[in-house]
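Here's the structure we're looking at; comments come further down.
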Amino acid sequence: MPNERVEAMYWIETPSGVADAAEAMADEQSSGTFVDVPGETNELRERHGATVERIEERGSTEQPSLPGSISPSNAQSPTYTQAEVVISYPLANIGASLPNLLTTVGGNLFELQELSGIRLVDVDVPDSLAREYPGPQFGIDRTREILDVWERPIIGTIIKPNVGLSPEETADRVETVVEAGVDFVKDDELLANPPYSPVEDRIVEVMSVVDAHRDRTGTEVMYACNITGDVDEMLELSDCITDAGGNCVMVSVNSVGLAGVRKLRRECDLPIHGHRNGWGGLSRCPQLGFDYGVFQKLYRLAGVDHLHVNGLRNKFAESNESVVASAQACQTPIVDEDDTAMPVFSSRQWAGQAHDTYEALGNTDLMYLAGGGILGHPDGPAAGVAHIRQGWDAALRGVPLEEYAQTCEELATAIEYYER
């Protein structure tokens with residue numbers, strides 16, 4: 001660890017010289033400040049200072065992307081230069097700590113007056129740091145083992161209405177989709193442990209449905225029960241789910257943070273389904289925030305097994321290219337093959353995106369969640385599940401969707417309905 005370094009890549013925009021701005025970034029996030037201070041010796045800088053490793057200018061603009069930057073005093077009409085900057089930080093400054101890693105590579109950088117734009121594009125962590133964290137406990141392969149689903153996506157849905165259902169009403173909705181043939185069902189991120197539907201009651205009601213289905217058919221269905229809350233609350237609820245025979249917990253990772261996920265991973269023996277709600281606040285502005293490659297890497301190291309990535313032609317602002325890149329990042333090892341996470345495609349998904357998703361990703365190691373795409377099918381949820389399986393069958397066989405629909409009534413109806 002003494003000589004190891006963390007490398008972070010940034011996109012920046014600055015009215016100052018790019019080299020000056022990069023040095024300000026390195027100083028701010030290591031041993032320096034805006035003036036020399038007693039004790040900041042050359043020896044200390046050698047051991048603990050950040051280093052600007054590379055700068056590549058990427059064009060310029062006449063207007064700042066973000067407010068608050070300050071131009072050099074002698075600049076009457078400043079030009080805002082854009083660049084890719086790589087800065088390395090001594091791992092000795094951070095230790096084996098993801099929260100402090102995030103503080104180092106991000107932290108106050110987003111507020112520096114030298115910058116009119118800054119985005120954290122990538123982080124490369126030494127193997128020694130990555131191995132201090134457990135990573136996913138189940139990931140892709142062990143999730144597939146639980147469900148015994150291979151060579152196709154895991155197909156699932158979300159309980160609707162999102163909120164307001166009692167535990168008994170929730171179980172009724174789950175029974176409907178389980179009988180329809182889903183592999184996976186999850187709570188909405190808005191439903192965690194409210195007074196009208198406490199987890200301790202909801203899990204018992206839902207698992208009675210899941211267990212009865214397994215006993216009758218031999219087929220396992222995974223239920224991701226949302227336990228987002230304070231750390232102690234999450235640990236108590238995860239025990240409750242385990243005691244009830246549950247097989248997955250869900251958390252809103254932005255709400256509970258890296259430390260919360262890490263503690264849950266340490267104490268919980270169930271898959272952790274990571275919902276990323278709030279992600280748009282970190283990413284939607286191209287000139288500010290994080291790329292998903294950084295975000296998913298940190299939460300995978302902390303122990304998340306499944307991570308949402310939106311879906312192709314989704315209802316949100318994210319482009320198809322960004323969705324695919326996010327999914328590929330989840331499937332790319334950090335240290336070894338066991339630390340990959342299963343990307344979760346969700347948001348306005350139906351069979352119409354199956355071909356494009358398969359072609360872009362090149363594999364089926366994903367969850368494909370459809371709320372309206374299953375529950376909103378004109379012929380009911382069973383037809384909703386059937387049409388998505390038919391769409392993926394067509395994609396895997398290389399048969400155009402419309403051609404495959406000629407012998408699949410559920411798919412033909414879905415094409416007419418969802419492409420209106």
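Ordering of the structure tokens sets the chain letters (A, B, ...); residue numbers start at 1 within each chain; ligands are numbered from 1 in the order shown.
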Write down as a PDB file with C-alpha atoms, in the first residue's frame the residues of segment 122-213 of chain A whose backbone DSSP state falls under strand (DSSP E or B).
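The resulting file, part-v7.pdb, is reproduced below:
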ATOM      1  CA  ASP A 122     -13.398   6.705 -14.210  1.00  0.00           C
ATOM      2  CA  VAL A 123     -11.545   5.442 -11.153  1.00  0.00           C
ATOM      3  CA  ASP A 124      -8.866   2.768 -11.223  1.00  0.00           C
ATOM      4  CA  ILE A 154     -34.181 -13.176 -15.824  1.00  0.00           C
ATOM      5  CA  ILE A 155     -37.634 -11.741 -16.464  1.00  0.00           C
ATOM      6  CA  GLY A 156     -39.350  -9.796 -13.734  1.00  0.00           C
ATOM      7  CA  THR A 157     -41.741  -7.057 -12.759  1.00  0.00           C
ATOM      8  CA  ILE A 158     -42.485  -4.436 -10.111  1.00  0.00           C
ATOM      9  CA  PHE A 184     -38.372 -12.070 -10.247  1.00  0.00           C
ATOM     10  CA  VAL A 185     -40.588  -9.509  -8.541  1.00  0.00           C
ATOM     11  CA  LYS A 186     -39.593  -6.490  -6.505  1.00  0.00           C
TER      12      LYS A 186
END
Mind checking which residues fall within 8 Å of Asn247 of chain A, counting only C-alpha atoms, ignoring those fewer than 3 positions away in the same chain, and posting them as a PDB file with C-alpha atoms, in the first residue's frame?
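Below you can see out33.pdb, which holds the result:
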ATOM      1  CA  MET A 222     -37.056 -14.222  -6.300  1.00  0.00           C
ATOM      2  CA  TYR A 223     -38.731 -11.453  -4.304  1.00  0.00           C
ATOM      3  CA  ALA A 224     -36.609  -8.364  -3.652  1.00  0.00           C
ATOM      4  CA  ILE A 241     -36.518 -11.601   5.758  1.00  0.00           C
ATOM      5  CA  THR A 242     -34.060 -14.436   6.290  1.00  0.00           C
ATOM      6  CA  LEU A 270     -29.056 -12.802   0.710  1.00  0.00           C
ATOM      7  CA  PRO A 271     -28.589 -11.143  -2.697  1.00  0.00           C
TER       8      PRO A 271
END
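With distances restricted to only C-alpha atoms, A:Tyr89 is the closest residue to Ser30 of chain A from A:Phe290, A:Tyr89, A:Tyr80, A:Trp11.
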* Residue among A:Arg397, A:Arg300, A:Arg45, A:Arg142 lying closest to Pro90 of chain A, counting only C-alpha atoms -> A:Arg45
* Can you list, as JSON, numbers by chain, every protein, DNA or RNA residue that comes within 10 Å of Glu28 of chain A when you count only C-alpha atoms, leaving out same-chain residues fewer than 5 positions away? -> {"A": [22, 23, 33, 34, 49, 50, 104, 107, 108, 109, 112]}
Write a file of the selected residues as an mmCIF file, in the first residue's frame, keeping C-alpha atoms.
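Printed below is again-v9.cif as written:
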data_model
loop_
_atom_site.group_PDB
_atom_site.id
_atom_site.type_symbol
_atom_site.label_atom_id
_atom_site.label_comp_id
_atom_site.auth_asym_id
_atom_site.auth_seq_id
_atom_site.Cartn_x
_atom_site.Cartn_y
_atom_site.Cartn_z
ATOM 1 C CA ALA A 22 -5.330 20.426 -12.837
ATOM 2 C CA GLU A 23 -2.685 21.373 -10.280
ATOM 3 C CA THR A 33 -4.399 24.500 -0.103
ATOM 4 C CA PHE A 34 -4.546 28.026 -1.618
ATOM 5 C CA GLY A 49 0.710 14.751 -2.713
ATOM 6 C CA ALA A 50 -1.528 14.005 -5.688
ATOM 7 C CA THR A 104 -10.597 11.952 -2.299
ATOM 8 C CA GLY A 107 -15.139 15.842 -2.579
ATOM 9 C CA ASN A 108 -14.532 19.579 -2.972
ATOM 10 C CA LEU A 109 -13.458 19.304 -6.606
ATOM 11 C CA LEU A 112 -13.537 24.740 -7.260
#
* To do: Between atom CA of Glu175 of chain A and atom CA of Ala382 of chain A, measure the distance and give it in Å to one decimal.
  => 11.5 Å
Identify, on the basis of only C-alpha atoms, every residue whose closest approach to Leu235 of chain A does not exceed 12 Å; exclude the query and any residue fewer than 5 positions from it along the same chain; express the result as a PDB file with C-alpha atoms, in the first residue's frame.
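Saved to selection-v7.pdb:
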ATOM      1  CA  ILE A 227     -35.500  -2.628   3.350  1.00  0.00           C
ATOM      2  CA  THR A 228     -34.026   0.831   2.700  1.00  0.00           C
ATOM      3  CA  GLY A 229     -33.603   2.648   6.007  1.00  0.00           C
ATOM      4  CA  ASP A 230     -31.150   3.426   8.786  1.00  0.00           C
ATOM      5  CA  CYS A 240     -36.580 -10.766   9.466  1.00  0.00           C
ATOM      6  CA  ILE A 241     -36.518 -11.601   5.758  1.00  0.00           C
ATOM      7  CA  THR A 242     -34.060 -14.436   6.290  1.00  0.00           C
ATOM      8  CA  VAL A 249     -33.269  -7.729  -0.228  1.00  0.00           C
ATOM      9  CA  VAL A 251     -31.893  -1.124  -1.074  1.00  0.00           C
ATOM     10  CA  GLY A 260     -24.654   1.235   4.660  1.00  0.00           C
ATOM     11  CA  VAL A 261     -24.318  -1.184   1.747  1.00  0.00           C
ATOM     12  CA  ARG A 262     -20.995  -2.473   3.093  1.00  0.00           C
ATOM     13  CA  LYS A 263     -22.480  -3.190   6.526  1.00  0.00           C
ATOM     14  CA  LEU A 264     -25.495  -4.912   5.008  1.00  0.00           C
ATOM     15  CA  ARG A 265     -23.252  -7.049   2.799  1.00  0.00           C
ATOM     16  CA  ARG A 266     -21.230  -8.066   5.849  1.00  0.00           C
ATOM     17  CA  GLU A 267     -24.272  -9.164   7.865  1.00  0.00           C
ATOM     18  CA  CYS A 268     -26.751 -10.386   5.240  1.00  0.00           C
ATOM     19  CA  ASP A 269     -26.573 -13.733   3.434  1.00  0.00           C
ATOM     20  CA  LEU A 270     -29.056 -12.802   0.710  1.00  0.00           C
TER      21      LEU A 270
END
* To do: Just the alpha helix (DSSP H) stuff from segment 169-410 of chain A, please, per backbone DSSP, written as a ChimeraX atom specification.
  => /A:169-180,199-217,231-243,253-267,279-283,292-302,320-330,354-361,372-375,381-397,401-405,409-410
* Asked: Suppose you want the space between atom CA of Ile272 of chain A and atom CA of Met367 of chain A; what is it in Å?
  -> 13.6 Å
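Taking only C-alpha atoms into account, Ser128 of chain A lies nearest to A:Val6 out of the set A:Asp356, A:Val6, A:Val52, A:Asn42.
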* To do: Skip Ala412 of chain A itself and residues of its chain fewer than 2 positions away, then list as a VMD selection string all residues within 12 Å of it, counting only C-alpha atoms.
  => chain A and resid 351 to 352 377 to 379 383 to 384 386 to 388 390 to 391 401 to 410 414 to 419
Could the residues in this selection be written to a file with C-alpha atoms, as a short mmCIF file (atom, residue, chain, number, x, y, z; two decimals), in the first residue's frame?
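See again-v8.cif below for the written result:
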data_model
loop_
_atom_site.label_atom_id
_atom_site.label_comp_id
_atom_site.auth_asym_id
_atom_site.auth_seq_id
_atom_site.Cartn_x
_atom_site.Cartn_y
_atom_site.Cartn_z
CA ALA A 351 -40.49 -7.23 -26.00
CA GLY A 352 -39.82 -4.46 -28.49
CA HIS A 377 -50.64 -6.19 -21.61
CA PRO A 378 -54.21 -6.09 -23.03
CA ASP A 379 -54.66 -9.82 -22.38
CA ALA A 383 -49.73 -12.76 -21.76
CA GLY A 384 -47.39 -9.97 -20.67
CA ALA A 386 -45.32 -14.72 -22.46
CA HIS A 387 -44.79 -11.94 -24.99
CA ILE A 388 -41.50 -10.88 -23.39
CA GLN A 390 -41.32 -14.72 -27.05
CA GLY A 391 -39.52 -11.50 -27.90
CA LEU A 401 -39.93 -9.61 -34.05
CA GLU A 402 -42.83 -9.20 -36.47
CA GLU A 403 -42.04 -12.48 -38.19
CA TYR A 404 -41.90 -14.35 -34.88
CA ALA A 405 -45.20 -12.75 -33.85
CA GLN A 406 -46.99 -14.46 -36.74
CA THR A 407 -47.18 -17.62 -34.61
CA CYS A 408 -47.30 -15.94 -31.17
CA GLU A 409 -50.62 -14.31 -30.31
CA GLU A 410 -49.34 -12.61 -27.16
CA ALA A 414 -48.18 -6.52 -27.72
CA ILE A 415 -46.71 -5.14 -30.94
CA GLU A 416 -50.03 -3.64 -31.91
CA TYR A 417 -50.62 -2.26 -28.40
CA TYR A 418 -47.19 -0.93 -27.37
CA GLU A 419 -46.29 0.53 -30.77
#
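Checking A:Leu191, A:Gly376, A:Val125, A:Ser88 one by one against Asn162 of chain A, counting only C-alpha atoms, you find the shortest gap at A:Leu191.
If only C-alpha atoms are the atoms counted, then among A:Lys297, A:Arg152, A:Arg202, A:Arg276 the closest residue to Asp172 of chain A is A:Arg202.
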